[in-house]
>>> print(open('input_14.cif').read())   # mmCIF, C-alpha atoms and all ligand atoms; chains and numbers go by the auth columns
data_entry
#
loop_
_atom_site.group_PDB
_atom_site.id
_atom_site.type_symbol
_atom_site.label_atom_id
_atom_site.label_comp_id
_atom_site.label_asym_id
_atom_site.label_seq_id
_atom_site.Cartn_x
_atom_site.Cartn_y
_atom_site.Cartn_z
_atom_site.B_iso_or_equiv
_atom_site.auth_seq_id
_atom_site.auth_asym_id
ATOM 1 C CA MET A 1 115.651 77.813 125.207 0.00 1 Y
ATOM 2 C CA ARG A 2 114.689 74.780 123.160 0.00 2 Y
ATOM 3 C CA SER A 3 116.462 73.410 120.121 0.00 3 Y
ATOM 4 C CA TRP A 4 115.741 70.662 117.619 0.00 4 Y
ATOM 5 C CA ARG A 5 117.594 68.874 114.843 0.00 5 Y
ATOM 6 C CA THR A 6 115.539 67.822 111.836 0.00 6 Y
ATOM 7 C CA ALA A 7 117.052 65.284 109.456 0.00 7 Y
ATOM 8 C CA ASP A 8 114.899 66.186 106.478 0.00 8 Y
ATOM 9 C CA ALA A 9 112.129 68.476 105.262 0.00 9 Y
ATOM 10 C CA GLY A 10 109.452 66.083 106.527 0.00 10 Y
ATOM 11 C CA ALA A 11 110.818 66.377 110.064 0.00 11 Y
ATOM 12 C CA THR A 12 110.829 70.183 109.852 0.00 12 Y
ATOM 13 C CA HIS A 13 107.229 70.066 108.629 0.00 13 Y
ATOM 14 C CA GLU A 14 106.312 67.821 111.565 0.00 14 Y
ATOM 15 C CA LEU A 15 107.917 70.251 114.005 0.00 15 Y
ATOM 16 C CA GLY A 16 105.742 73.006 112.537 0.00 16 Y
ATOM 17 C CA ARG A 17 102.654 70.865 113.152 0.00 17 Y
ATOM 18 C CA ILE A 18 103.632 70.468 116.787 0.00 18 Y
ATOM 19 C CA LEU A 19 104.411 74.173 117.230 0.00 19 Y
ATOM 20 C CA ALA A 20 100.987 75.084 115.816 0.00 20 Y
ATOM 21 C CA ARG A 21 99.489 73.862 119.088 0.00 21 Y
ATOM 22 C CA GLU A 22 101.314 76.496 121.098 0.00 22 Y
ATOM 23 C CA LEU A 23 100.854 79.214 118.465 0.00 23 Y
ATOM 24 C CA ALA A 24 97.089 78.879 118.123 0.00 24 Y
ATOM 25 C CA PRO A 25 94.982 80.912 118.265 0.00 25 Y
ATOM 26 C CA ASP A 26 96.854 84.270 118.251 0.00 26 Y
ATOM 27 C CA GLY A 27 100.602 83.612 118.555 0.00 27 Y
ATOM 28 C CA ALA A 28 103.458 84.918 116.430 0.00 28 Y
ATOM 29 C CA LEU A 29 106.333 82.847 115.009 0.00 29 Y
ATOM 30 C CA LEU A 30 109.452 84.805 114.006 0.00 30 Y
ATOM 31 C CA LEU A 31 111.774 82.885 111.675 0.00 31 Y
ATOM 32 C CA SER A 32 115.313 83.745 110.673 0.00 32 Y
ATOM 33 C CA GLY A 33 117.774 81.750 108.589 0.00 33 Y
ATOM 34 C CA GLU A 34 119.392 81.974 105.178 0.00 34 Y
ATOM 35 C CA LEU A 35 117.775 81.342 101.792 0.00 35 Y
ATOM 36 C CA GLY A 36 116.623 77.735 101.615 0.00 36 Y
ATOM 37 C CA ALA A 37 116.990 77.181 105.360 0.00 37 Y
ATOM 38 C CA GLY A 38 113.493 75.723 105.605 0.00 38 Y
ATOM 39 C CA LYS A 39 111.422 78.629 106.912 0.00 39 Y
ATOM 40 C CA THR A 40 108.598 78.021 104.451 0.00 40 Y
ATOM 41 C CA VAL A 41 108.672 74.271 105.131 0.00 41 Y
ATOM 42 C CA LEU A 42 108.199 75.022 108.830 0.00 42 Y
ATOM 43 C CA VAL A 43 105.308 77.410 108.121 0.00 43 Y
ATOM 44 C CA GLN A 44 103.709 74.737 105.934 0.00 44 Y
ATOM 45 C CA GLY A 45 103.814 72.425 108.950 0.00 45 Y
ATOM 46 C CA VAL A 46 102.218 75.115 111.111 0.00 46 Y
ATOM 47 C CA ALA A 47 99.483 75.444 108.476 0.00 47 Y
ATOM 48 C CA ALA A 48 98.862 71.701 108.551 0.00 48 Y
ATOM 49 C CA GLY A 49 98.632 71.830 112.338 0.00 49 Y
ATOM 50 C CA LEU A 50 95.995 74.551 112.022 0.00 50 Y
ATOM 51 C CA GLY A 51 93.941 72.502 109.562 0.00 51 Y
ATOM 52 C CA ILE A 52 95.043 74.547 106.545 0.00 52 Y
ATOM 53 C CA ASP A 53 96.238 72.882 103.320 0.00 53 Y
ATOM 54 C CA PRO A 54 100.044 73.194 103.527 0.00 54 Y
ATOM 55 C CA ALA A 55 100.298 73.287 99.726 0.00 55 Y
ATOM 56 C CA SER A 56 98.581 76.683 99.793 0.00 56 Y
ATOM 57 C CA VAL A 57 101.543 78.111 101.740 0.00 57 Y
ATOM 58 C CA GLN A 58 104.383 79.361 99.555 0.00 58 Y
ATOM 59 C CA SER A 59 107.121 81.938 100.155 0.00 59 Y
ATOM 60 C CA PRO A 60 105.044 85.096 99.614 0.00 60 Y
ATOM 61 C CA THR A 61 108.117 86.876 98.287 0.00 61 Y
ATOM 62 C CA PHE A 62 106.175 88.966 95.821 0.00 62 Y
ATOM 63 C CA THR A 63 103.005 89.430 97.818 0.00 63 Y
ATOM 64 C CA LEU A 64 104.762 90.102 101.177 0.00 64 Y
ATOM 65 C CA GLN A 65 101.735 88.835 103.042 0.00 65 Y
ATOM 66 C CA ALA A 66 99.382 85.920 102.476 0.00 66 Y
ATOM 67 C CA ILE A 67 96.323 85.228 104.601 0.00 67 Y
ATOM 68 C CA HIS A 68 95.031 81.659 104.896 0.00 68 Y
ATOM 69 C CA GLY A 69 91.655 80.986 106.479 0.00 69 Y
ATOM 70 C CA GLY A 70 91.500 77.889 108.666 0.00 70 Y
ATOM 71 C CA PRO A 71 88.948 76.146 110.839 0.00 71 Y
ATOM 72 C CA GLY A 72 90.259 77.760 114.037 0.00 72 Y
ATOM 73 C CA GLY A 73 91.233 81.182 112.680 0.00 73 Y
ATOM 74 C CA GLU A 74 93.615 82.737 110.187 0.00 74 Y
ATOM 75 C CA LEU A 75 97.273 82.126 109.426 0.00 75 Y
ATOM 76 C CA LEU A 76 99.015 85.338 108.342 0.00 76 Y
ATOM 77 C CA HIS A 77 102.260 84.565 106.514 0.00 77 Y
ATOM 78 C CA PHE A 78 104.799 87.344 105.904 0.00 78 Y
ATOM 79 C CA ASP A 79 108.086 87.339 103.998 0.00 79 Y
ATOM 80 C CA LEU A 80 110.242 90.403 104.572 0.00 80 Y
ATOM 81 C CA TYR A 81 113.111 89.373 102.301 0.00 81 Y
ATOM 82 C CA ARG A 82 112.643 92.162 99.792 0.00 82 Y
ATOM 83 C CA LEU A 83 111.759 94.905 102.244 0.00 83 Y
ATOM 84 C CA ALA A 84 113.991 97.478 103.869 0.00 84 Y
ATOM 85 C CA PRO A 85 113.188 98.194 107.565 0.00 85 Y
ATOM 86 C CA GLU A 86 111.661 101.570 106.695 0.00 86 Y
ATOM 87 C CA GLU A 87 109.317 99.836 104.283 0.00 87 Y
ATOM 88 C CA VAL A 88 108.325 97.255 106.899 0.00 88 Y
ATOM 89 C CA ALA A 89 107.603 100.062 109.350 0.00 89 Y
ATOM 90 C CA ALA A 90 105.478 101.855 106.781 0.00 90 Y
ATOM 91 C CA ALA A 91 103.572 98.856 105.547 0.00 91 Y
ATOM 92 C CA GLY A 92 101.232 98.388 108.528 0.00 92 Y
ATOM 93 C CA PHE A 93 102.803 95.074 109.537 0.00 93 Y
ATOM 94 C CA GLU A 94 103.001 95.967 113.186 0.00 94 Y
ATOM 95 C CA GLU A 95 99.243 96.194 113.559 0.00 95 Y
ATOM 96 C CA SER A 96 98.775 92.851 111.782 0.00 96 Y
ATOM 97 C CA LEU A 97 101.499 91.185 113.850 0.00 97 Y
ATOM 98 C CA LEU A 98 99.959 92.281 117.126 0.00 98 Y
ATOM 99 C CA GLY A 99 96.438 91.419 115.991 0.00 99 Y
ATOM 100 C CA PRO A 100 94.436 88.175 115.972 0.00 100 Y
ATOM 101 C CA GLY A 101 95.348 84.962 114.193 0.00 101 Y
ATOM 102 C CA VAL A 102 98.561 82.955 113.995 0.00 102 Y
ATOM 103 C CA LYS A 103 101.329 85.065 112.461 0.00 103 Y
ATOM 104 C CA ALA A 104 104.441 83.569 110.801 0.00 104 Y
ATOM 105 C CA VAL A 105 107.238 85.857 109.614 0.00 105 Y
ATOM 106 C CA GLU A 106 110.105 84.801 107.342 0.00 106 Y
ATOM 107 C CA TRP A 107 113.230 87.010 107.526 0.00 107 Y
ATOM 108 C CA ALA A 108 112.016 88.272 110.894 0.00 108 Y
ATOM 109 C CA GLU A 109 115.470 89.727 111.574 0.00 109 Y
ATOM 110 C CA ARG A 110 114.270 92.575 109.339 0.00 110 Y
ATOM 111 C CA LEU A 111 111.447 93.563 111.661 0.00 111 Y
ATOM 112 C CA PRO A 112 112.121 97.070 112.997 0.00 112 Y
ATOM 113 C CA PHE A 113 109.947 96.552 116.081 0.00 113 Y
ATOM 114 C CA ARG A 114 109.462 93.908 118.768 0.00 114 Y
ATOM 115 C CA VAL A 115 106.602 91.426 118.937 0.00 115 Y
ATOM 116 C CA PRO A 116 105.884 90.711 122.621 0.00 116 Y
ATOM 117 C CA GLY A 117 105.378 87.046 123.436 0.00 117 Y
ATOM 118 C CA ALA A 118 106.518 85.818 120.019 0.00 118 Y
ATOM 119 C CA LEU A 119 108.240 82.475 119.521 0.00 119 Y
ATOM 120 C CA ALA A 120 111.499 83.261 117.707 0.00 120 Y
ATOM 121 C CA LEU A 121 113.451 80.509 115.924 0.00 121 Y
ATOM 122 C CA ARG A 122 116.690 80.528 113.950 0.00 122 Y
ATOM 123 C CA ILE A 123 117.234 77.752 111.409 0.00 123 Y
ATOM 124 C CA VAL A 124 120.825 76.788 110.673 0.00 124 Y
ATOM 125 C CA ARG A 125 122.011 74.282 108.067 0.00 125 Y
ATOM 126 C CA ASP A 126 123.820 71.304 109.531 0.00 126 Y
ATOM 127 C CA GLY A 127 124.893 69.268 106.518 0.00 127 Y
ATOM 128 C CA ASP A 128 121.671 68.025 104.992 0.00 128 Y
ATOM 129 C CA ALA A 129 119.900 68.466 108.303 0.00 129 Y
ATOM 130 C CA ARG A 130 118.805 71.627 110.069 0.00 130 Y
ATOM 131 C CA ARG A 131 119.348 72.908 113.584 0.00 131 Y
ATOM 132 C CA ILE A 132 116.358 74.895 114.784 0.00 132 Y
ATOM 133 C CA GLU A 133 117.096 77.027 117.816 0.00 133 Y
ATOM 134 C CA GLU A 134 114.736 79.034 119.940 0.00 134 Y
ATOM 135 C CA ILE A 135 116.171 82.494 120.457 0.00 135 Y
ATOM 136 C CA ASP A 136 115.194 85.396 122.641 0.00 136 Y
ATOM 137 C CA PRO A 137 112.919 87.541 120.469 0.00 137 Y
ATOM 138 C CA ALA A 138 114.186 90.592 122.343 0.00 138 Y
ATOM 139 C CA ALA A 139 117.757 89.741 121.304 0.00 139 Y
ATOM 140 C CA ALA A 140 116.956 89.964 117.613 0.00 140 Y
ATOM 141 C CA PRO A 141 118.524 93.010 115.972 0.00 141 Y
ATOM 142 C CA VAL A 142 116.111 95.876 115.565 0.00 142 Y
HETATM 143 N N1 LIG B . 115.904 69.307 107.395 0.00 1 B
HETATM 144 C C1 LIG B . 115.299 70.086 106.466 0.00 1 B
HETATM 145 N N2 LIG B . 114.359 70.974 106.855 0.00 1 B
HETATM 146 C C2 LIG B . 113.755 71.794 105.968 0.00 1 B
HETATM 147 N N3 LIG B . 114.015 71.803 104.646 0.00 1 B
HETATM 148 C C3 LIG B . 114.944 70.932 104.192 0.00 1 B
HETATM 149 C C4 LIG B . 115.619 70.053 105.084 0.00 1 B
HETATM 150 N N4 LIG B . 116.486 69.311 104.354 0.00 1 B
HETATM 151 C C5 LIG B . 116.344 69.735 103.093 0.00 1 B
HETATM 152 N N5 LIG B . 115.421 70.686 102.971 0.00 1 B
HETATM 153 C C6 LIG B . 115.040 71.391 101.730 0.00 1 B
HETATM 154 O O1 LIG B . 115.454 72.748 101.851 0.00 1 B
HETATM 155 C C7 LIG B . 114.533 73.586 101.181 0.00 1 B
HETATM 156 C C8 LIG B . 113.964 74.625 102.147 0.00 1 B
HETATM 157 O O2 LIG B . 113.231 75.537 101.390 0.00 1 B
HETATM 158 P P1 LIG B . 112.314 76.663 102.016 0.00 1 B
HETATM 159 O O3 LIG B . 111.600 77.291 100.878 0.00 1 B
HETATM 160 O O4 LIG B . 111.512 76.144 103.154 0.00 1 B
HETATM 161 O O5 LIG B . 113.422 77.668 102.590 0.00 1 B
HETATM 162 P P2 LIG B . 113.213 79.160 103.110 0.00 1 B
HETATM 163 O O6 LIG B . 114.008 79.275 104.359 0.00 1 B
HETATM 164 O O7 LIG B . 111.765 79.465 103.184 0.00 1 B
HETATM 165 O O8 LIG B . 113.913 80.010 101.978 0.00 1 B
HETATM 166 P P3 LIG B . 113.583 81.507 101.467 0.00 1 B
HETATM 167 O O9 LIG B . 114.413 82.412 102.333 0.00 1 B
HETATM 168 O O10 LIG B . 114.047 81.509 100.049 0.00 1 B
HETATM 169 O O11 LIG B . 112.101 81.752 101.612 0.00 1 B
HETATM 170 C C9 LIG B . 113.446 72.694 100.585 0.00 1 B
HETATM 171 O O12 LIG B . 113.772 72.405 99.251 0.00 1 B
HETATM 172 C C10 LIG B . 113.546 71.449 101.462 0.00 1 B
HETATM 173 O O13 LIG B . 113.107 70.285 100.790 0.00 1 B
HETATM 174 MG MG MG B . 110.587 80.904 102.328 0.00 2 B
#
>>> encode(input="input_14.cif", output="structure tokens")
Amino acid sequence: MRSWRTADAGATHELGRILARELAPDGALLLSGELGAGKTVLVQGVAAGLGIDPASVQSPTFTLQAIHGGPGGELLHFDLYRLAPEEVAAAGFEESLLGPGVKAVEWAERLPFRVPGALALRIVRDGDARRIEEIDPAAAPV
């Protein structure tokens, strides 16, 4: 399992750009980590790597899902912070998460189902920096 240490938000963004190469065209990125960990910053980097304006990517806390069209396909951005697992199960996320496009999920520990082949990362604060650890997506609590 890989891990990275990013000294600032720019470095986390750059990591997202690099990860976009392995996520395109249809991969899923599952992100866990506390409020302000840098999940959205990482997704903004993924967007940039896909040729999508990173400024268009915000925490979709009130929309739950945002879809960004890019030159090579779509980026589907989910934020499960406000949802209970039953709501996630009922909201049709599973179909979207297994479907086409690059999928990025904030608060993925709230997913009540598995996403085969997903890249799962946990972001942990380390002073002002962040430790970003690849984790086994099957080990995430369901
Ligand atoms: N190494 C770093 N990596 C990422 N962000 C950092 C880093 N150092 C500082 N920051 C700052 O931390 C904040 C991360 O905010 P961000 O919205 O990405 O968090 P989040 O995990 O998406 O939170 P939420 O759960 O509220 O959606 C930003 O203000 C960013 O500038
Ligand atoms: Mg966020």
>>> resolve_selection(input="input_14.cif", expression="the PyMOL selection byres (((chain Y and resi 25) around 10) and not hetatm)", output="MDAnalysis selection string")
chainID Y and resid 20:24 26:28 50 72:75 100:103
>>> write_last_selection(input="input_14.cif", atoms="C-alpha atoms", output="PDB file, in the coordinates of the input")
ATOM      1  CA  ALA Y  20     100.987  75.084 115.816  1.00  0.00           C
ATOM      2  CA  ARG Y  21      99.489  73.862 119.088  1.00  0.00           C
ATOM      3  CA  GLU Y  22     101.314  76.496 121.098  1.00  0.00           C
ATOM      4  CA  LEU Y  23     100.854  79.214 118.465  1.00  0.00           C
ATOM      5  CA  ALA Y  24      97.089  78.879 118.123  1.00  0.00           C
ATOM      6  CA  ASP Y  26      96.854  84.270 118.251  1.00  0.00           C
ATOM      7  CA  GLY Y  27     100.602  83.612 118.555  1.00  0.00           C
ATOM      8  CA  ALA Y  28     103.458  84.918 116.430  1.00  0.00           C
ATOM      9  CA  LEU Y  50      95.995  74.551 112.022  1.00  0.00           C
ATOM     10  CA  GLY Y  72      90.259  77.760 114.037  1.00  0.00           C
ATOM     11  CA  GLY Y  73      91.233  81.182 112.680  1.00  0.00           C
ATOM     12  CA  GLU Y  74      93.615  82.737 110.187  1.00  0.00           C
ATOM     13  CA  LEU Y  75      97.273  82.126 109.426  1.00  0.00           C
ATOM     14  CA  PRO Y 100      94.436  88.175 115.972  1.00  0.00           C
ATOM     15  CA  GLY Y 101      95.348  84.962 114.193  1.00  0.00           C
ATOM     16  CA  VAL Y 102      98.561  82.955 113.995  1.00  0.00           C
ATOM     17  CA  LYS Y 103     101.329  85.065 112.461  1.00  0.00           C
TER      18      LYS Y 103
END
>>> residues_near_ligand(input="input_14.cif", ligand="ligand MG 2 (chain B)", cutoff="7 Å", atoms="all atoms listed in the file", output="compact mmCIF listing (two decimals) with C-alpha atoms, in the frame of the given file")
# COMPACT_ATOMS: atom_id res chain seq x y z
CA GLY Y 36 116.62 77.74 101.62
CA GLY Y 38 113.49 75.72 105.60
CA LYS Y 39 111.42 78.63 106.91
CA THR Y 40 108.60 78.02 104.45
CA GLN Y 58 104.38 79.36 99.56
CA SER Y 59 107.12 81.94 100.16
CA GLU Y 106 110.10 84.80 107.34
>>> atom_distance(input="input_14.cif", atom1="atom CA of Y:Val88", atom2="atom CA of Y:Arg130")
27.9 Å
>>> atom_distance(input="input_14.cif", atom1="atom CA of Y:Ile132", atom2="atom CA of Y:Glu86")
28.3 Å
>>> closest_atom_pairs(input="input_14.cif", of="chain Y", to="ligand LIG 1 (chain B)", cutoff="8 Å", atoms="only C-alpha atoms and all ligand atoms", output="JSON lines")
{"residue": "Y:Arg5", "atom": "CA", "partner": "B:LIG1", "partner_atom": "N1", "distance": 7.6}
{"residue": "Y:Thr6", "atom": "CA", "partner": "B:LIG1", "partner_atom": "N1", "distance": 4.7}
{"residue": "Y:Ala7", "atom": "CA", "partner": "B:LIG1", "partner_atom": "N1", "distance": 4.7}
{"residue": "Y:Asp8", "atom": "CA", "partner": "B:LIG1", "partner_atom": "N1", "distance": 3.4}
{"residue": "Y:Ala9", "atom": "CA", "partner": "B:LIG1", "partner_atom": "N2", "distance": 3.7}
{"residue": "Y:Gly10", "atom": "CA", "partner": "B:LIG1", "partner_atom": "N2", "distance": 6.9}
{"residue": "Y:Ala11", "atom": "CA", "partner": "B:LIG1", "partner_atom": "N1", "distance": 6.4}
{"residue": "Y:Thr12", "atom": "CA", "partner": "B:LIG1", "partner_atom": "N2", "distance": 4.7}
{"residue": "Y:His13", "atom": "CA", "partner": "B:LIG1", "partner_atom": "C2", "distance": 7.3}
{"residue": "Y:Ser32", "atom": "CA", "partner": "B:LIG1", "partner_atom": "O6", "distance": 7.8}
{"residue": "Y:Gly33", "atom": "CA", "partner": "B:LIG1", "partner_atom": "O6", "distance": 6.2}
{"residue": "Y:Glu34", "atom": "CA", "partner": "B:LIG1", "partner_atom": "O9", "distance": 5.8}
{"residue": "Y:Leu35", "atom": "CA", "partner": "B:LIG1", "partner_atom": "O9", "distance": 3.6}
{"residue": "Y:Gly36", "atom": "CA", "partner": "B:LIG1", "partner_atom": "O5", "distance": 3.3}
{"residue": "Y:Ala37", "atom": "CA", "partner": "B:LIG1", "partner_atom": "O6", "distance": 3.8}
{"residue": "Y:Gly38", "atom": "CA", "partner": "B:LIG1", "partner_atom": "O4", "distance": 3.2}
{"residue": "Y:Lys39", "atom": "CA", "partner": "B:LIG1", "partner_atom": "O6", "distance": 3.7}
{"residue": "Y:Thr40", "atom": "CA", "partner": "B:LIG1", "partner_atom": "O4", "distance": 3.7}
{"residue": "Y:Val41", "atom": "CA", "partner": "B:LIG1", "partner_atom": "O4", "distance": 3.9}
{"residue": "Y:Leu42", "atom": "CA", "partner": "B:LIG1", "partner_atom": "O4", "distance": 6.7}
{"residue": "Y:Gln58", "atom": "CA", "partner": "B:LIG1", "partner_atom": "O3", "distance": 7.6}
{"residue": "Y:Ser59", "atom": "CA", "partner": "B:LIG1", "partner_atom": "O11", "distance": 5.2}
{"residue": "Y:Thr61", "atom": "CA", "partner": "B:LIG1", "partner_atom": "O11", "distance": 7.3}
{"residue": "Y:Asp79", "atom": "CA", "partner": "B:LIG1", "partner_atom": "O11", "distance": 7.3}
{"residue": "Y:Tyr81", "atom": "CA", "partner": "B:LIG1", "partner_atom": "O9", "distance": 7.1}
{"residue": "Y:Glu106", "atom": "CA", "partner": "B:LIG1", "partner_atom": "O11", "distance": 6.8}
{"residue": "Y:Trp107", "atom": "CA", "partner": "B:LIG1", "partner_atom": "O9", "distance": 7.0}
{"residue": "Y:Ile123", "atom": "CA", "partner": "B:LIG1", "partner_atom": "O6", "distance": 7.9}
{"residue": "Y:Arg125", "atom": "CA", "partner": "B:LIG1", "partner_atom": "N1", "distance": 7.9}
{"residue": "Y:Asp128", "atom": "CA", "partner": "B:LIG1", "partner_atom": "N4", "distance": 5.4}
{"residue": "Y:Ala129", "atom": "CA", "partner": "B:LIG1", "partner_atom": "N1", "distance": 4.2}
{"residue": "Y:Arg130", "atom": "CA", "partner": "B:LIG1", "partner_atom": "N1", "distance": 4.6}
{"residue": "Y:Arg131", "atom": "CA", "partner": "B:LIG1", "partner_atom": "N1", "distance": 7.9}
>>> closest_residue(input="input_14.cif", among="Y:Pro85, Y:Leu98, Y:Ala55, Y:Glu133", to="Y:Ala118", atoms="only C-alpha atoms")
Y:Leu98
>>> resolve_selection(input="input_14.cif", expression="the PyMOL selection byres (((chain Y and resi 94) around 12) and not hetatm)", output="PyMOL selection string")
chain Y and resi 28+78+85+87-93+95-100+103+105+111-116
>>> closest_residue(input="input_14.cif", among="Y:Ala120, Y:Leu76, Y:Met1, Y:Ala138", to="Y:Ala108", atoms="only C-alpha atoms")
Y:Ala120
>>> atom_distance(input="input_14.cif", atom1="atom CA of Y:Ser3", atom2="atom CA of Y:Glu134")
5.9 Å
>>> resolve_selection(input="input_14.cif", expression="the PyMOL selection byres (((chain Y and resi 57) around 10) and not hetatm)", output="VMD selection string")
chain Y and resid 40 to 41 43 to 48 52 to 56 58 to 60 66 to 68 75 77
>>> axis_aligned_box(input="input_14.cif", around="stretch 61-77 of chain Y", padding_each_side="8 Å", output="AutoDock Vina command-line options")
--center_x 98.5 --center_y 83.1 --center_z 104.9 --size_x 35.2 --size_y 30.0 --size_z 34.2
